[in-house]
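*Asks:* Sharing input-v3.cif, mmCIF, C-alpha atoms:
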data_input
#
loop_
_atom_site.label_atom_id
_atom_site.label_comp_id
_atom_site.auth_asym_id
_atom_site.auth_seq_id
_atom_site.Cartn_x
_atom_site.Cartn_y
_atom_site.Cartn_z
CA MET A 612 17.94 25.02 3.28
CA THR A 613 18.60 21.29 3.33
CA ASN A 614 16.50 19.15 5.67
CA HIS A 615 18.02 16.21 7.50
CA PHE A 616 16.50 13.03 8.80
CA HIS A 617 17.12 12.48 12.49
CA ALA A 618 16.22 9.60 14.77
CA ASP A 619 13.65 11.66 16.70
CA ALA A 620 11.82 12.85 13.58
CA LEU A 621 9.11 10.21 13.98
CA ARG A 622 8.98 10.20 17.78
CA LEU A 623 5.65 11.24 19.29
CA ASP A 624 4.74 12.79 22.62
CA CYS A 625 2.07 10.13 22.89
CA ALA A 626 0.05 11.57 25.77
CA HIS A 627 -0.18 14.95 24.09
CA GLU A 628 -0.94 13.51 20.67
CA ALA A 629 -3.65 11.19 22.01
CA GLN A 630 -5.27 14.11 23.80
CA ARG A 631 -5.05 16.31 20.70
CA ILE A 632 -6.64 13.66 18.46
CA ALA A 633 -9.34 12.72 20.99
CA GLY A 634 -10.30 16.39 21.39
CA TRP A 635 -10.56 16.77 17.64
CA MET A 636 -12.64 13.59 17.32
CA LEU A 637 -15.15 14.85 19.86
CA GLN A 638 -15.53 18.13 17.97
CA ALA A 639 -15.71 16.46 14.57
CA VAL A 640 -18.28 13.82 15.49
CA GLY A 641 -20.38 15.73 18.00
CA THR A 642 -20.36 19.28 16.66
CA THR A 643 -19.62 19.00 12.95
CA LEU A 644 -21.24 15.69 12.02
CA ARG A 645 -23.89 15.67 14.77
CA ARG A 646 -23.49 11.94 15.50
CA ARG A 647 -23.74 10.50 18.98
CA GLY A 648 -21.01 7.86 18.94
CA VAL A 649 -18.70 5.91 16.64
CA ILE A 650 -18.47 2.59 14.83
CA ILE A 651 -15.06 0.97 14.62
CA ALA A 652 -14.36 -2.20 12.66
CA MET A 653 -11.64 -4.05 14.53
CA SER A 654 -9.30 -6.33 12.61
CA GLY A 655 -6.92 -6.94 15.49
CA GLY A 656 -4.34 -4.85 13.63
CA VAL A 657 -2.54 -1.93 15.18
CA ASP A 658 -4.36 0.81 13.23
CA SER A 659 -7.93 -0.14 14.13
CA SER A 660 -6.90 -1.01 17.69
CA VAL A 661 -5.32 2.42 18.23
CA CYS A 662 -8.34 4.12 16.65
CA ALA A 663 -10.59 2.23 19.06
CA ALA A 664 -8.47 3.33 22.02
CA LEU A 665 -8.57 6.96 20.80
CA ALA A 666 -12.35 6.69 20.41
CA VAL A 667 -12.70 5.49 24.00
CA GLN A 668 -10.58 8.41 25.17
CA ALA A 669 -12.69 10.84 23.11
CA PHE A 670 -16.23 9.57 23.73
CA GLY A 671 -16.10 7.12 26.61
CA ARG A 672 -16.46 3.39 26.06
CA GLU A 673 -20.29 3.40 26.03
CA ARG A 674 -20.36 5.48 22.83
CA VAL A 675 -18.06 3.18 20.86
CA GLN A 676 -19.42 0.13 19.02
CA GLY A 677 -16.82 -2.37 17.85
CA LEU A 678 -17.45 -4.68 14.90
CA LEU A 679 -15.56 -7.85 14.01
CA LEU A 680 -16.18 -8.63 10.35
CA PRO A 681 -14.38 -11.84 9.37
CA ASP A 682 -14.41 -13.35 5.93
CA ARG A 683 -14.02 -17.11 5.51
CA GLU A 684 -10.38 -16.49 4.57
CA SER A 685 -9.51 -14.15 7.46
CA SER A 686 -6.71 -15.42 9.63
CA SER A 687 -8.24 -17.08 12.69
CA SER A 688 -6.11 -14.94 14.97
CA SER A 689 -7.48 -11.62 13.65
CA GLY A 690 -10.98 -12.18 15.06
CA SER A 691 -9.84 -13.30 18.47
CA LEU A 692 -7.33 -10.45 18.67
CA GLY A 693 -9.97 -7.88 17.71
CA ALA A 694 -12.21 -9.24 20.47
CA LYS A 695 -9.35 -9.18 22.95
CA VAL A 696 -8.67 -5.51 22.21
CA ALA A 697 -12.37 -4.64 22.47
CA ASP A 698 -12.61 -6.47 25.79
CA GLN A 699 -9.53 -4.74 27.13
CA LEU A 700 -10.95 -1.35 26.14
CA GLY A 701 -14.33 -2.31 27.59
CA ILE A 702 -16.32 -1.54 24.43
CA ALA A 703 -19.30 -3.45 23.12
CA HIS A 704 -18.53 -5.56 20.07
CA ARG A 705 -20.35 -7.92 17.80
CA THR A 706 -19.16 -10.36 15.16
CA GLU A 707 -20.77 -10.52 11.73
CA SER A 708 -19.25 -12.75 9.07
CA ILE A 709 -19.18 -11.30 5.57
CA ALA A 710 -18.65 -14.75 4.01
CA ALA A 711 -22.26 -15.45 2.95
CA ALA A 712 -22.64 -11.97 1.46
CA LEU A 713 -19.40 -12.39 -0.49
CA GLU A 714 -20.55 -15.78 -1.72
CA GLY A 715 -23.83 -14.24 -2.89
CA LEU A 716 -22.08 -11.38 -4.65
CA GLY A 717 -19.80 -13.79 -6.50
CA CYS A 718 -16.59 -12.44 -4.92
CA TYR A 719 -14.93 -15.85 -4.72
CA ARG A 720 -16.31 -17.03 -8.09
CA TRP A 721 -15.00 -13.98 -9.99
CA ARG A 722 -11.65 -14.17 -8.23
CA ASP A 723 -11.17 -17.91 -8.72
CA GLU A 724 -12.18 -17.72 -12.37
CA ALA A 725 -9.41 -15.17 -13.00
CA ILE A 726 -6.89 -17.26 -11.05
CA ARG A 727 -7.77 -20.38 -13.08
CA GLU A 728 -7.08 -18.49 -16.30
CA VAL A 729 -3.48 -18.20 -15.07
CA VAL A 730 -3.20 -21.47 -13.09
CA PRO A 731 -5.77 -23.93 -14.51
CA ALA A 732 -5.32 -26.47 -11.69
CA TYR A 733 -6.35 -23.94 -9.01
CA GLY A 734 -9.43 -25.05 -7.06
CA GLU A 735 -10.78 -26.27 -3.74
CA GLY A 736 -8.18 -26.32 -0.98
CA TRP A 737 -5.73 -24.04 -2.81
CA LYS A 738 -4.58 -20.72 -1.40
CA SER A 739 -3.51 -17.58 -3.23
CA LYS A 740 -2.10 -14.09 -2.91
CA ILE A 741 -0.77 -11.29 -5.09
CA VAL A 742 2.72 -9.89 -4.61
CA ILE A 743 4.30 -6.80 -6.15
CA ALA A 744 7.45 -7.27 -8.19
CA ALA A 745 9.87 -5.08 -10.08
CA ALA A 746 12.79 -5.88 -12.32
CA ALA A 747 16.17 -4.86 -10.91
CA ASN A 748 16.99 -1.17 -11.50
CA SER A 749 13.47 -0.52 -12.66
CA GLY A 750 10.85 1.99 -11.62
CA LEU A 751 8.23 -0.21 -13.23
CA SER A 752 6.33 -2.59 -11.04
CA TYR A 753 4.03 -5.47 -11.87
CA PHE A 754 2.17 -8.15 -10.00
CA LYS A 755 2.64 -11.86 -9.50
CA LEU A 756 0.09 -14.42 -8.44
CA VAL A 757 1.35 -16.89 -5.84
CA VAL A 758 -0.71 -20.04 -5.35
CA GLN A 759 -0.23 -22.94 -3.01
CA SER A 760 -1.67 -26.37 -3.82
CA PRO A 761 -3.29 -28.47 -1.08
CA ALA A 762 -0.05 -30.49 -1.02
CA GLY A 763 1.84 -27.31 -0.16
CA GLU A 764 3.56 -26.75 -3.50
CA LEU A 765 4.03 -23.04 -4.34
CA GLN A 766 3.76 -21.63 -7.89
CA GLU A 767 4.36 -18.06 -9.02
CA LYS A 768 3.05 -16.53 -12.27
CA ARG A 769 3.13 -12.98 -13.63
CA LEU A 770 -0.40 -11.63 -13.88
CA PRO A 771 -1.72 -10.21 -17.13
CA ALA A 772 -3.72 -7.00 -16.72
CA LYS A 773 -7.18 -8.51 -17.19
CA GLN A 774 -6.73 -11.21 -14.56
CA TYR A 775 -4.93 -8.85 -12.16
CA LEU A 776 -7.75 -6.32 -12.33
CA GLN A 777 -10.43 -8.98 -11.94
CA ILE A 778 -8.76 -10.50 -8.86
CA VAL A 779 -8.34 -7.08 -7.25
CA ALA A 780 -11.88 -6.02 -8.13
CA ALA A 781 -13.29 -9.24 -6.68
CA THR A 782 -11.32 -9.00 -3.45
CA ASN A 783 -12.31 -5.33 -3.10
CA TYR A 784 -15.79 -6.68 -2.39
CA LYS A 785 -14.44 -7.64 1.03
CA GLN A 786 -13.65 -4.07 2.07
CA ARG A 787 -16.88 -2.76 0.54
CA MET A 788 -19.03 -5.36 2.25
CA ARG A 789 -17.43 -4.61 5.59
CA LYS A 790 -18.19 -0.94 5.05
CA ALA A 791 -21.83 -1.68 4.20
CA ILE A 792 -22.19 -3.41 7.58
CA GLU A 793 -20.41 -0.57 9.39
CA TYR A 794 -22.86 1.95 7.91
CA PHE A 795 -25.82 -0.28 8.73
CA HIS A 796 -24.90 -0.06 12.39
CA ALA A 797 -23.97 3.62 12.10
CA ASP A 798 -27.43 4.39 10.69
CA ARG A 799 -29.12 2.21 13.28
CA LEU A 800 -27.35 3.91 16.19
CA GLY A 801 -26.88 7.44 14.85
CA TYR A 802 -23.12 6.97 14.95
CA ALA A 803 -20.24 8.07 12.72
CA VAL A 804 -17.89 5.57 11.07
CA ILE A 805 -14.18 5.69 11.82
CA GLY A 806 -11.72 5.06 8.99
CA THR A 807 -8.40 3.70 10.16
CA PRO A 808 -5.75 4.42 7.50
CA ASN A 809 -2.34 5.48 8.72
CA ARG A 810 -0.33 8.06 6.80
CA LEU A 811 1.44 5.53 4.56
CA GLU A 812 -1.85 3.99 3.44
CA TYR A 813 -3.60 7.33 3.09
CA ASP A 814 -0.84 9.15 1.22
CA GLN A 815 0.06 6.23 -1.04
CA GLY A 816 -3.53 5.30 -1.86
CA PHE A 817 -3.51 1.88 -0.23
CA PHE A 818 -7.23 1.56 0.30
CA VAL A 819 -10.39 0.63 -1.57
CA LYS A 820 -12.59 3.49 -2.70
CA GLY A 821 -16.00 2.97 -1.13
CA GLY A 822 -14.43 0.27 1.04
CA ASP A 823 -11.94 0.90 3.79
CA GLY A 824 -11.42 4.33 2.22
CA LEU A 825 -14.98 5.35 3.10
CA ALA A 826 -15.49 6.88 6.55
CA ASP A 827 -16.75 9.94 8.40
CA ILE A 828 -13.49 10.63 10.23
CA LYS A 829 -9.93 9.34 9.77
CA PRO A 830 -8.17 10.17 13.03
CA ILE A 831 -4.72 8.66 12.32
CA ALA A 832 -4.30 9.53 8.64
CA HIS A 833 -1.59 12.05 9.60
CA LEU A 834 0.45 9.51 11.61
CA PHE A 835 3.29 7.39 10.28
CA LYS A 836 3.03 3.67 10.95
CA THR A 837 5.80 3.69 13.56
CA GLN A 838 3.92 6.49 15.34
CA VAL A 839 0.77 4.35 15.42
CA TYR A 840 2.85 1.62 17.09
CA GLN A 841 4.06 4.19 19.65
CA LEU A 842 0.44 5.02 20.48
CA ALA A 843 -0.36 1.29 20.75
CA HIS A 844 2.33 1.00 23.43
CA HIS A 845 1.08 4.19 25.09
CA PHE A 846 -2.41 2.71 25.37
CA GLY A 847 -1.03 -0.58 26.71
CA LEU A 848 -2.62 -2.62 23.92
CA PRO A 849 -1.90 -6.38 23.84
CA ALA A 850 1.63 -7.38 22.87
CA GLU A 851 0.32 -9.25 19.78
CA VAL A 852 -1.04 -5.91 18.50
CA CYS A 853 2.04 -3.89 19.39
CA ASN A 854 4.40 -6.36 17.71
CA ALA A 855 2.32 -7.52 14.74
CA ARG A 856 3.64 -7.27 11.21
CA PRO A 857 1.07 -5.39 9.05
CA THR A 858 -0.91 -7.70 6.77
CA THR A 859 -3.65 -7.10 4.24
CA ASP A 860 -5.96 -9.83 5.62
CA THR A 861 -7.43 -10.01 2.12
CA TYR A 862 -5.88 -13.07 0.50
CA SER A 863 -5.90 -16.69 1.63
CA LEU A 864 -2.09 -17.00 1.76
CA ALA A 865 -0.39 -14.92 4.44
CA GLN A 866 0.53 -11.59 2.90
CA GLY A 867 2.46 -8.66 4.32
CA GLN A 868 1.58 -5.15 3.14
CA ASP A 869 5.16 -4.73 1.97
CA GLU A 870 4.74 -7.70 -0.39
CA PHE A 871 1.62 -6.32 -1.94
CA TYR A 872 2.07 -2.60 -2.10
CA PHE A 873 4.89 -0.76 -0.42
CA GLY A 874 7.90 -2.81 -1.44
CA LEU A 875 9.75 -1.84 1.78
CA PRO A 876 9.04 -2.80 5.40
CA TYR A 877 6.86 -0.19 7.11
CA ASP A 878 9.61 1.27 9.33
CA LYS A 879 11.72 2.00 6.26
CA MET A 880 8.68 3.23 4.33
CA ASP A 881 8.01 5.71 7.15
CA ILE A 882 11.53 7.08 6.83
CA ALA A 883 11.20 7.15 3.05
CA LEU A 884 7.97 9.13 3.13
CA TRP A 885 9.26 11.51 5.81
CA CYS A 886 12.45 12.15 3.83
CA HIS A 887 10.54 12.55 0.58
CA ASN A 888 8.11 15.01 2.18
CA HIS A 889 10.99 17.00 3.70
CA GLU A 890 13.05 16.93 0.50
CA VAL A 891 15.96 15.18 2.21
CA PRO A 892 18.75 14.57 -0.34
CA VAL A 893 18.53 11.05 -1.72
CA ALA A 894 22.05 10.11 -0.59
CA GLU A 895 21.17 10.89 3.00
CA PHE A 896 17.91 8.96 2.77
CA ALA A 897 19.77 6.00 1.24
CA ALA A 898 22.19 5.96 4.16
CA ALA A 899 19.38 6.18 6.72
CA VAL A 900 17.72 3.00 5.41
CA SER A 901 20.85 1.16 4.16
CA LEU A 902 19.89 1.24 0.48
CA SER A 903 22.05 1.98 -2.53
CA GLU A 904 21.50 5.42 -4.04
CA PRO A 905 19.85 4.06 -7.21
CA ALA A 906 17.48 1.96 -5.08
CA ALA A 907 16.68 4.96 -2.87
CA THR A 908 16.03 7.07 -5.96
CA ARG A 909 13.53 4.47 -7.16
CA VAL A 910 11.77 4.56 -3.78
CA TYR A 911 11.43 8.35 -4.09
CA GLN A 912 10.09 7.96 -7.64
CA ASP A 913 7.70 5.26 -6.53
CA ILE A 914 6.29 7.47 -3.76
CA ALA A 915 5.56 10.27 -6.24
CA SER A 916 4.17 7.82 -8.78
CA LYS A 917 1.81 6.06 -6.34
CA ARG A 918 0.63 9.40 -4.99
CA ALA A 919 -0.19 10.60 -8.50
CA THR A 920 -1.81 7.43 -9.80
CA THR A 921 -4.03 6.94 -6.73
CA ALA A 922 -5.15 10.58 -6.49
CA TYR A 923 -8.52 9.62 -7.92
CA LEU A 924 -9.19 7.39 -4.92
CA HIS A 925 -9.26 10.51 -2.73
CA SER A 926 -11.54 12.43 -5.04
CA SER A 927 -15.16 12.91 -4.08
CA ALA A 928 -17.65 12.87 -6.93
CA LEU A 929 -16.73 15.78 -9.22
CA LEU A 930 -19.33 18.47 -9.88
CA VAL A 931 -19.75 20.66 -12.94
CA GLU A 932 -19.93 23.65 -10.59
CA PRO A 933 -19.58 23.99 -6.82
CA VAL A 934 -22.66 24.13 -4.62
CA PRO A 935 -21.29 26.63 -2.08
CA GLN A 936 -24.34 26.58 0.19
CA LEU A 937 -23.29 23.12 1.37
CA SER A 938 -19.54 23.44 1.86
CA LYS A 939 -19.74 25.67 4.93
CA LEU A 940 -22.09 23.24 6.67
CA VAL A 941 -19.55 20.41 6.82
CA SER A 942 -15.99 21.60 7.24
CA PRO A 943 -13.55 19.93 9.61
CA PRO A 944 -12.91 21.52 13.01
CA PRO A 945 -9.45 23.01 13.47
CA ALA A 946 -6.96 20.73 15.21
CA LEU A 947 -4.74 21.89 18.03
CA PRO A 948 -1.15 22.49 16.93
CA PRO A 949 0.99 19.34 16.67
CA THR A 950 3.65 18.54 19.21
CA SER A 951 6.58 19.24 16.91
CA MET B 39 6.14 6.70 -38.45
CA SER B 40 7.05 3.06 -37.94
CA ASP B 41 4.44 0.35 -37.91
CA ILE B 42 5.30 -0.61 -34.30
CA LYS B 43 4.93 2.92 -32.98
CA GLN B 44 1.72 3.36 -34.93
CA GLN B 45 0.24 0.22 -33.43
CA VAL B 46 1.25 1.18 -29.91
CA ARG B 47 -0.26 4.64 -30.37
CA GLY B 48 -3.40 2.93 -31.63
CA PHE B 49 -3.46 0.67 -28.56
CA ILE B 50 -3.09 3.67 -26.21
CA ALA B 51 -5.73 5.68 -28.07
CA SER B 52 -8.25 2.87 -28.03
CA ASN B 53 -7.69 1.82 -24.40
CA PHE B 54 -7.37 5.11 -22.54
CA ILE B 55 -8.88 8.58 -22.76
CA ILE B 56 -5.88 10.74 -23.66
CA SER B 57 -6.87 14.08 -25.13
CA ASP B 58 -3.55 15.16 -26.67
CA LEU B 59 -1.88 11.89 -27.57
CA ASP B 60 -0.80 13.23 -30.97
CA LYS B 61 1.39 15.78 -29.16
CA LEU B 62 3.33 13.02 -27.36
CA ALA B 63 6.88 12.82 -28.68
CA ASP B 64 8.21 9.39 -29.62
CA GLY B 65 10.94 9.71 -27.01
CA ALA B 66 8.71 10.95 -24.17
CA SER B 67 8.29 8.87 -21.01
CA LEU B 68 4.86 7.26 -20.87
CA LEU B 69 4.97 7.08 -17.07
CA GLU B 70 6.19 10.64 -16.49
CA HIS B 71 3.55 12.06 -18.83
CA ARG B 72 0.96 9.98 -17.03
CA ILE B 73 -0.05 8.23 -20.23
CA LEU B 74 0.29 4.88 -18.46
CA ASP B 75 0.01 4.06 -14.78
CA SER B 76 1.23 0.75 -13.35
CA THR B 77 -1.87 -1.11 -14.53
CA GLY B 78 -1.69 0.52 -17.96
CA PHE B 79 1.89 -0.61 -18.19
CA ILE B 80 0.86 -4.22 -17.50
CA GLU B 81 -1.80 -3.87 -20.20
CA LEU B 82 0.87 -2.59 -22.58
CA VAL B 83 2.99 -5.68 -21.89
CA SER B 84 0.03 -7.98 -22.65
CA PHE B 85 -0.66 -6.01 -25.84
CA LEU B 86 2.96 -6.24 -27.02
CA GLU B 87 3.14 -9.97 -26.33
CA GLU B 88 -0.05 -10.69 -28.25
CA THR B 89 0.46 -8.28 -31.13
CA PHE B 90 4.12 -8.88 -31.85
CA LYS B 91 4.24 -12.54 -30.73
CA VAL B 92 7.09 -12.00 -28.28
CA GLN B 93 7.61 -13.32 -24.75
CA ILE B 94 8.57 -10.47 -22.43
CA GLN B 95 10.68 -11.78 -19.56
CA ASP B 96 10.31 -10.37 -16.04
CA ASP B 97 13.78 -8.85 -16.11
CA GLU B 98 13.02 -7.09 -19.40
CA MET B 99 10.20 -5.07 -17.86
CA VAL B 100 12.32 -1.97 -17.40
CA PRO B 101 11.93 1.65 -18.61
CA GLU B 102 14.80 1.24 -21.07
CA ASN B 103 12.64 -1.23 -22.99
CA LEU B 104 9.13 0.03 -22.48
CA ASP B 105 8.81 3.60 -21.28
CA SER B 106 8.61 5.45 -24.61
CA LEU B 107 7.52 4.71 -28.16
CA ASP B 108 11.15 4.83 -29.29
CA ASN B 109 12.22 2.38 -26.57
CA ILE B 110 9.34 0.02 -27.33
CA GLU B 111 10.15 -0.03 -31.05
CA ALA B 112 13.84 -0.70 -30.44
CA TYR B 113 13.04 -3.40 -27.89
CA ILE B 114 10.52 -5.21 -30.11
CA ASN B 115 12.95 -5.10 -33.02
CA ARG B 116 15.69 -6.60 -30.81
CA LYS B 117 13.31 -9.34 -29.64
CA ARG B 118 12.32 -10.18 -33.19
CA ALA B 119 15.95 -10.25 -34.35
CA GLY B 120 16.96 -12.44 -31.41
#
Output the file's structure in the form of structure tokens.
*Replies:*
Amino acid sequence: MTNHFHADALRLDCAHEAQRIAGWMLQAVGTTLRRRGVIIAMSGGVDSSVCAALAVQAFGRERVQGLLLPDRESSSSSGSLGAKVADQLGIAHRTESIAAALEGLGCYRWRDEAIREVVPAYGEGWKSKIVIAAAANSGLSYFKLVVQSPAGELQEKRLPAKQYLQIVAATNYKQRMRKAIEYFHADRLGYAVIGTPNRLEYDQGFFVKGGDGLADIKPIAHLFKTQVYQLAHHFGLPAEVCNARPTTDTYSLAQGQDEFYFGLPYDKMDIALWCHNHEVPVAEFAAAVSLSEPAATRVYQDIASKRATTAYLHSSALLVEPVPQLSKLVSPPPALPPTS
Amino acid sequence: MSDIKQQVRGFIASNFIISDLDKLADGASLLEHRILDSTGFIELVSFLEETFKVQIQDDEMVPENLDSLDNIEAYINRKRAG
């Protein structure tokens, strides 16, 4: 049987879905994990804001601790927006900068050293980001470094493997340092840590292992990005959250997630992943997102390729043999059936 | 086996842990057989540029040039001839 994409495929019954997720969160945190509340790091983005709203629905606002964890290169709006969401939801929040810790760890030094190997003039006052690139008609992708001089001049250079890996490894410190602070407060309060990946990020491996990938529960990992936006509207979150373009908030130049990882805007990526998962014929998918058939075929290939190459990010530490006495102690509670 | 293919096999063998590399056919896709992921592919490009003293242009980074030992050999030979 051939599956077809239809406009309602990604539409949620938001009230039902919010109730279903909140009920599951209460079971997972209270009964399975035996924690008494949750930690949520709030970037001001739609994913963490919706997770915070779900947490309030599940546990009540007094059992939710918000954290704002800016780096010296975070956009100034992300901190104020995170605080605005926390205030609107009525949850306690505190701000802890990760900048000094990153400085001490050498995050900026390692990163800037790699950038200077590619752009020797790079230094104080410059900004940078990494963007994904692919030659036309190619399934092969590579990465480019974009730097901006203090005078505003932009330069773009293809990154060799060594420098690419070093820049990514250095910036991964940011996600890992944030997670260290989240677990400090989780330990202090007896709380569980919420991870906020949406389905695109989770399925395609767009997270840092031991960083934003580390959490006790991930309540929206089954939801497409457009569905997370629907929940944001359902919860009446601020317009800046509901209408924001997803960013990585990792590099000093403004960077959309589609520039760094997905290669398509999130609404089209949602359709791509849905169609890929439902084995929709490529011609039909191409028409749904206004791509040529060869381009749509490459998107399908890229989904499978990213899923395969990032599988290790999902893997827990591998054991020589299972220790079965432990597995039955921590298994997720069953979720209620989905709406569709 | 050609010198180019031999050197690329040597590069793969020394950089990654691939248990049955000798069974890989010269025409087999390195991506489909999960010999190289996207980062490995970028490493391959750096290796080819340094070893064979060629400049690989952005628009040449396509499977037809790089995704099998046969394709790599033909591509490097074209670059050297050009």
*Asks:* Taking 5 positions as the minimum chain separation for residues in the same chain, which residues sit within 10 Å of Lys91 of chain B when counting all atoms listed in the file? Answer as an NGL selection string.
*Replies:* :B and (85-86 or 114 or 117-118)
*Asks:* Point out the residue among A:Arg799, A:Arg810, A:Arg769, A:Lys820 with the least atom-to-atom distance to chain B, counting all atoms listed in the file.
*Replies:*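 Among A:Arg799, A:Arg810, A:Arg769, A:Lys820, it is A:Arg769 that comes nearest to chain B.
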*Asks:* Pull out every residue of chain B sitting within 6 Å of chain A, counting only C-alpha atoms, and send them as number ranges by chain.
*Replies:* B: 80-81, 97, 100
*Asks:* Any chance you can output those residues with C-alpha atoms as an mmCIF file, in the coordinates of the input?
*Replies:*
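Resulting contents of out-v7.cif:
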data_model
loop_
_atom_site.group_PDB
_atom_site.id
_atom_site.type_symbol
_atom_site.label_atom_id
_atom_site.label_comp_id
_atom_site.auth_asym_id
_atom_site.auth_seq_id
_atom_site.Cartn_x
_atom_site.Cartn_y
_atom_site.Cartn_z
ATOM 1 C CA ILE B 80 0.860 -4.220 -17.500
ATOM 2 C CA GLU B 81 -1.800 -3.870 -20.200
ATOM 3 C CA ASP B 97 13.780 -8.850 -16.110
ATOM 4 C CA VAL B 100 12.320 -1.970 -17.400
#
*Asks:* Would you kindly return, as a PyMOL selection string, each protein, DNA or RNA residue with an atom no farther than 9 Å from any atom of Thr706 of chain A, considering only C-alpha atoms and excluding same-chain residues fewer than 2 positions away?
*Replies:* chain A and resi 677-681+690+694+704+708
*Asks:* Show which residues sit within 12 Å of Phe896 of chain A, as an mmCIF file with C-alpha atoms, keeping the file's coordinate frame. Count all atoms listed in the file, and ignore same-chain residues fewer than 6 positions away.
*Replies:*
data_model
loop_
_atom_site.group_PDB
_atom_site.id
_atom_site.type_symbol
_atom_site.label_atom_id
_atom_site.label_comp_id
_atom_site.auth_asym_id
_atom_site.auth_seq_id
_atom_site.Cartn_x
_atom_site.Cartn_y
_atom_site.Cartn_z
ATOM 1 C CA ASN A 614 16.500 19.150 5.670
ATOM 2 C CA HIS A 615 18.020 16.210 7.500
ATOM 3 C CA PHE A 616 16.500 13.030 8.800
ATOM 4 C CA HIS A 617 17.120 12.480 12.490
ATOM 5 C CA LYS A 879 11.720 2.000 6.260
ATOM 6 C CA MET A 880 8.680 3.230 4.330
ATOM 7 C CA ASP A 881 8.010 5.710 7.150
ATOM 8 C CA ILE A 882 11.530 7.080 6.830
ATOM 9 C CA ALA A 883 11.200 7.150 3.050
ATOM 10 C CA LEU A 884 7.970 9.130 3.130
ATOM 11 C CA TRP A 885 9.260 11.510 5.810
ATOM 12 C CA CYS A 886 12.450 12.150 3.830
ATOM 13 C CA HIS A 887 10.540 12.550 0.580
ATOM 14 C CA ASN A 888 8.110 15.010 2.180
ATOM 15 C CA HIS A 889 10.990 17.000 3.700
ATOM 16 C CA GLU A 890 13.050 16.930 0.500
ATOM 17 C CA LEU A 902 19.890 1.240 0.480
ATOM 18 C CA SER A 903 22.050 1.980 -2.530
ATOM 19 C CA GLU A 904 21.500 5.420 -4.040
ATOM 20 C CA PRO A 905 19.850 4.060 -7.210
ATOM 21 C CA ALA A 906 17.480 1.960 -5.080
ATOM 22 C CA ALA A 907 16.680 4.960 -2.870
ATOM 23 C CA THR A 908 16.030 7.070 -5.960
ATOM 24 C CA ARG A 909 13.530 4.470 -7.160
ATOM 25 C CA VAL A 910 11.770 4.560 -3.780
ATOM 26 C CA TYR A 911 11.430 8.350 -4.090
#
*Asks:* Can you list, as a tab-separated table (two decimals) with C-alpha atoms, in the coordinates of the input, every protein, DNA or RNA residue that comes within 7 Å of segment 628-632 of chain A when you count all atoms listed in the file, leaving out same-chain residues fewer than 3 positions away?
*Replies:*
chain	number	residue	atom	x	y	z
A	624	ASP	CA	4.74	12.79	22.62
A	625	CYS	CA	2.07	10.13	22.89
A	635	TRP	CA	-10.56	16.77	17.64
A	636	MET	CA	-12.64	13.59	17.32
A	665	LEU	CA	-8.57	6.96	20.80
A	830	PRO	CA	-8.17	10.17	13.03
A	947	LEU	CA	-4.74	21.89	18.03
A	950	THR	CA	3.65	18.54	19.21
*Asks:* What does the distance from atom CA of Val891 of chain A to atom CA of Tyr872 of chain A come to in Å, to one decimal?
*Replies:*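 Atom-to-atom, atom CA of Val891 of chain A and atom CA of Tyr872 of chain A are spaced 23.0 Å apart.
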*Asks:* Where does the PyMOL selection byres ((chain A and resi 644-656) around 7) land in this file, that is, which residues does it pick, as a compact mmCIF listing (two decimals) with C-alpha atoms, keeping the file's coordinate frame?
*Replies:*
# COMPACT_ATOMS: atom_id res chain seq x y z
CA ALA A 639 -15.71 16.46 14.57
CA VAL A 640 -18.28 13.82 15.49
CA GLY A 641 -20.38 15.73 18.00
CA THR A 642 -20.36 19.28 16.66
CA THR A 643 -19.62 19.00 12.95
CA VAL A 657 -2.54 -1.93 15.18
CA ASP A 658 -4.36 0.81 13.23
CA SER A 659 -7.93 -0.14 14.13
CA SER A 660 -6.90 -1.01 17.69
CA ALA A 663 -10.59 2.23 19.06
CA PHE A 670 -16.23 9.57 23.73
CA ARG A 674 -20.36 5.48 22.83
CA VAL A 675 -18.06 3.18 20.86
CA GLN A 676 -19.42 0.13 19.02
CA GLY A 677 -16.82 -2.37 17.85
CA LEU A 678 -17.45 -4.68 14.90
CA LEU A 679 -15.56 -7.85 14.01
CA SER A 689 -7.48 -11.62 13.65
CA GLY A 690 -10.98 -12.18 15.06
CA LEU A 692 -7.33 -10.45 18.67
CA GLY A 693 -9.97 -7.88 17.71
CA GLU A 793 -20.41 -0.57 9.39
CA ALA A 797 -23.97 3.62 12.10
CA GLY A 801 -26.88 7.44 14.85
CA TYR A 802 -23.12 6.97 14.95
CA ALA A 803 -20.24 8.07 12.72
CA VAL A 804 -17.89 5.57 11.07
CA ILE A 805 -14.18 5.69 11.82
CA VAL A 852 -1.04 -5.91 18.50
*Asks:* Hey, what comes out of the PyMOL selection byres ((chain A and resi 621) around 10) on this file? Could you write it as a PyMOL selection string?
*Replies:* chain A and resi 616-620+622-623+834-838+841+881-882+885+951
*Asks:* On this structure, which residues satisfy the PyMOL selection byres ((chain B and resi 57-62) around 10), written as a ChimeraX atom specification?
*Replies:* /B:47-48,50-51,54-56,63-68,71,73,106-107
*Asks:* Which of these residues is nearest to Gln815 of chain A, using all atoms listed in the file: A:Gly763, A:Gly634, A:Gly874, A:Pro849?
*Replies:*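 That would be A:Gly874, the residue with the smallest distance to Gln815 of chain A.
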*Asks:* Around the point (0.9, -19.9, 1.8) in the file's coordinates, collect all residues with an atom within 7 Å, using all atoms listed in the file, and return them as a compact mmCIF listing (two decimals) with C-alpha atoms, in the coordinates of the input.
*Replies:*
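See part-v6.txt below for the written result:
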# COMPACT_ATOMS: atom_id res chain seq x y z
CA LYS A 738 -4.58 -20.72 -1.40
CA GLN A 759 -0.23 -22.94 -3.01
CA LEU A 864 -2.09 -17.00 1.76
CA ALA A 865 -0.39 -14.92 4.44
